[in-house]
Amino acid sequence: MDGNLLMNFRDIISGIAFLILGCTVVWVGSGFDAGAAYVPMGVGILMCLFSLPLILKGAVQALAAGETGTVKSPLIDHTGRFMATVACCLIYYLAMPTVGFYSTSTLFIVLLALVLGERRPLVVLGITVGFIALLYGLFALVLKRPLPVEFFLVS
Amino acid sequence: MFDSLFNALPVALQFGSLFSLFVGTLVGILIGALPGLNPVMAIALMLPLTYGFDPVIALGLVAGIYNGSMYGGAIPAILLKIPGTPAAIATTFDGYPMTRNGQGGLALKTACWSSAVGGIISAIALMTLAPLLAQVTLAFGPTEYFWVAIFGLVSIAVLVGSDISKGMLSALSGVIIGLVGVDTISGAERYTFDSLYLSGGFDLIIVLIGLYAIPPVLEMAEKRNATYYDAGSFKVDASGNALTLIRQHWRTWTRSSLIGVSVGILPGAGGNLAALLSYNEAKRKSTNPESFGTGNPVGVAAAESGNSADNASAMIPSLTLGIPGNLVAALVLGALMIHGLQPGPQLFTKSPDVVFGFMWQMLITAMLLLLLGGMVATRLFAQVLRMPTALLVPTTLVLMAVGVYTVKGNMMDLYVMLAFGVLGYLLHRLAFPLAPVVLGVLLGPMAEQNLRLAMLLSQDDWGALFTRPISQGIIALLLLVVFSQLWKMLRKGRQR
């Protein structure tokens with residue numbers, strides 16, 4: 001089946017989402033001063049206008065294909081791994097200011113590698129240590145960029 | 001003028017100058033290759049270190065970093081679909097598919113040669129056409145800049161991807177992202193929802209890394225055991241096929257370099273716009289435009305020669321008029337002032353060795369890319385491919401985190417980057433092109449500021465936008481691009 005056909009309902013839904021976004025941009029923009037409102041309102045109106053052919057095209061193709069059911073190809077290929085990666089990133093960002101950049105990054109690399117299925121401890125540790133050492137050399141020694149301080153160095 | 005130019009050659013060929021060019025180019029390639037680090041940041045960090053140096057050595061470092069980073073940005077763009085610099089966005093379109101097709105080595109070599117050729121042509125333009133071309137830029141007013149921005153935005157939205165409405169919606173989304181923050185003209189807050197973070201607006205590099213770099217990493221994470229890379233395809237052969245490359249791409253290089261030089265002269269229009277316009281032009285001229293985006297080397301050649309041809313030409317208004325064409329040009333002006341030199345026309349008479357020496361340095365460093373580019377790409381970055389995907393994902397995410405954090409030192413930027421990453425992933429899966437979003441963020445504010453300036457100058461006479469001859473020329477080009485694309489789509493529809 002043509003890949004575009006599988007996108008029919010997605011086109012309709014994304015078109016409606018853009019229509020709502022366009023309307024919101026116009027609605028919020030109408031509260032700005034005249035000079036500051038021209039472009040936001042113009043962009044919002046254009047967004048509404050361009051979302052209409054997308055909705056229409058999606059609807060026409062869906063009707064033509066006789067598809068009224070669910071979309072066959074998933075939007076996310078592997079939801080579990082996708083969510084695990086995003087969750088690990090969030091934990092990494094949350095922990096970084098208190099634990100420190102290099103410590104959190106080391107733990108993050110090891111944890112996510114394990115979550116994603118890497119089971120060779122020597123490979124994981126070797127690459128992690130080498131990579132963190134490289135980052136330390138570049139950012140701490142050469143570029144001297146301030147990064148979140150390690151928890152064991154906080155006085 | 002040419003006497004001064006040739007008198008400056010021995011200055012550029014001094015040992016100190018050559019050494020700084022070598023170091024600068026190498027550092028530039030590495031900086032460009034690291035997502036989140038950009039030439040502006042690298043040069044800004046280097047400038048304080050050059051206080052005690054001779055101006056020629058200091059400017060040699062700047063020239064090396066600038067040209068080197070433009071090629072360096074292509075390395076992760078080709079290998080990982082992560083543009084190392086904003087100018088490497090267009091390189092991802094065909095560079096990454098080439099990697100997936102087992103042609104990563106060819107893509108890197110094409111990028112290296114294209115960058116070198118673009119840089120050489122741009123340096124020659126800087127040397128010979130500087131005063132003449134600066135005259136043309138003087139004729140540009142707000143209306144012309146407004147139309148240049150609209151032309152860049154609409155042409156990308158229309159030409160990238162197969163659905164015009166999706167392209168336009170992507171571009172408009174980018175403009176909305178660019179509108180967030182304090183309005184520079186009225187001082188009013190727009191779409192900030194009383195958030196202190198949002199009042200500063202979104203930083204381009206954060207939006208760029210989020211939209212462009214995170215989605216492929218998330219895809220990698222989903223397919224953890226997939227063979228993403230063929231290490232064998234990354235053996236960049238330093239000898240051999242150079243003549244074939246020249247024969248295949250000389251037309252693209254010439255066309256894209258001319259586009260890059262023209263774009264570079266316009267203040268505010270950077271290498272990213274040059275690369276995207278060059279890419280679109282190559283696609284438009286191609287007899288097989290459908291192959292673009294699937295791994296066509298011509299796409300890589302066009303994007304890389306276009307963005308590198310922007311480099312030296314961006315210095316034309318800086319050196320002749322004291323008006324920086326982009327952030328790097330502004331830093332070059334800063335470097336000159338640090339060393340007691342005043343930018344502007346008098347620079348050519350008062351310090352010809354420095355200004356013309358810098359032009360030679362831009363030329364030499366473009367040539368150095370051929371030597372250092374291939375070597376670095378082979379020795380260092382091919383190692384990335386031997387890393388298991390399950391480790392490549394977290395290390396790339398750490399690299400992005402550190403790159404984004406070092407921009408402003410704000411943790412909130414990391415969450416914003418991740419949010420844009422998830423948005424980019426979803427847009428990509430829904431077949432919305434991402435390049436127009438980024439261009440919208442970049443060109444939206446430029447178009448708005450110039451539109452409002454034009455309105456202020458014309459006392460709200462909208463007709464003023466259409467009466468100036470250069471504006472009319474740009475509008476004609478814009479209509480040509482839009483209608484030719486519509487015509488193509490109609491013809492395709494009829495054939496079906």
# chains A, B, ... in the order shown; residues from 1 in each chain; ligands from 1

$ interface_residues --of "chain B" --to "chain A" --cutoff "9 Å" --atoms "only C-alpha atoms" --output "VMD selection string"
chain B and resid 42 45 to 46 163 to 166 168 to 169 172 to 173 175 to 176 179 183 185 to 191 218 to 219 221 to 225 387 to 395 397 to 399 401 to 402 405 to 406 409 411 to 412 414 to 415 418 422 426 429 to 431 448 452

$ select_by_dssp --residues "stretch 51-270 of chain B" --states "helix (DSSP H, G or I)" --output "VMD selection string"
chain B and resid 55 to 72 74 to 80 86 to 100 104 to 138 142 to 159 164 to 179 196 to 199 204 to 222 231 to 234 242 to 265

$ select_by_dssp --residues "stretch 100-294 of chain B" --states "strand (DSSP E or B)" --output "list in words"
Gly181, Val182, Glu189 and Arg190 of chain B

$ write_last_selection --atoms "C-alpha atoms" --output "compact mmCIF listing (two decimals), in the first residue's frame"
# COMPACT_ATOMS: atom_id res chain seq x y z
CA GLY B 181 10.09 36.67 23.32
CA VAL B 182 10.40 40.42 23.62
CA GLU B 189 6.35 40.49 25.21
CA ARG B 190 4.86 38.04 22.73

$ residues_around --residues "B:Val482" --least-positions-apart "6" --cutoff "12 Å" --atoms "only C-alpha atoms" --output "CSV table (one decimal) with N, CA and C atoms, in the first residue's frame"
chain,number,residue,atom,x,y,z
B,150,ILE,N,11.8,36.6,2.8
B,150,ILE,CA,10.6,35.9,2.4
B,150,ILE,C,11.0,34.9,1.3
B,151,PHE,N,11.9,35.3,0.4
B,151,PHE,CA,12.3,34.4,-0.7
B,151,PHE,C,13.0,33.1,-0.2
B,152,GLY,N,13.9,33.3,0.8
B,152,GLY,CA,14.5,32.2,1.4
B,152,GLY,C,13.5,31.2,2.1
B,153,LEU,N,12.6,31.8,2.8
B,153,LEU,CA,11.6,31.0,3.6
B,153,LEU,C,10.7,30.3,2.6
B,154,VAL,N,10.1,31.0,1.7
B,154,VAL,CA,9.1,30.4,0.8
B,154,VAL,C,9.7,29.3,-0.1
B,155,SER,N,10.9,29.7,-0.6
B,155,SER,CA,11.5,28.7,-1.6
B,155,SER,C,11.8,27.4,-0.9
B,156,ILE,N,12.3,27.5,0.3
B,156,ILE,CA,12.6,26.3,1.0
B,156,ILE,C,11.3,25.5,1.3
B,157,ALA,N,10.3,26.2,1.8
B,157,ALA,CA,9.0,25.6,2.2
B,157,ALA,C,8.4,24.9,1.0
B,158,VAL,N,8.6,25.5,-0.2
B,158,VAL,CA,8.0,24.9,-1.4
B,158,VAL,C,8.8,23.8,-2.0
B,159,LEU,N,10.1,23.9,-1.9
B,159,LEU,CA,11.0,23.0,-2.6
B,159,LEU,C,11.4,21.8,-1.8
B,164,ILE,N,3.3,21.0,-0.6
B,164,ILE,CA,3.6,22.5,-0.3
B,164,ILE,C,2.9,22.9,1.0
B,168,MET,N,4.9,24.7,4.0
B,168,MET,CA,4.5,26.1,4.5
B,168,MET,C,4.1,26.0,6.0
B,284,ARG,N,16.6,21.9,-8.5
B,284,ARG,CA,15.8,22.5,-9.6
B,284,ARG,C,16.5,22.2,-11.0
B,475,ILE,N,11.0,39.7,-6.0
B,475,ILE,CA,9.6,39.2,-6.1
B,475,ILE,C,9.4,38.3,-7.3
B,476,ALA,N,10.0,38.8,-8.4
B,476,ALA,CA,9.9,38.0,-9.7
B,476,ALA,C,10.5,36.6,-9.5
B,488,LYS,N,5.1,22.0,-11.8
B,488,LYS,CA,5.6,20.6,-11.7
B,488,LYS,C,4.6,19.7,-11.0
B,489,MET,N,4.0,20.1,-9.9
B,489,MET,CA,3.0,19.3,-9.2
B,489,MET,C,1.8,19.0,-10.0
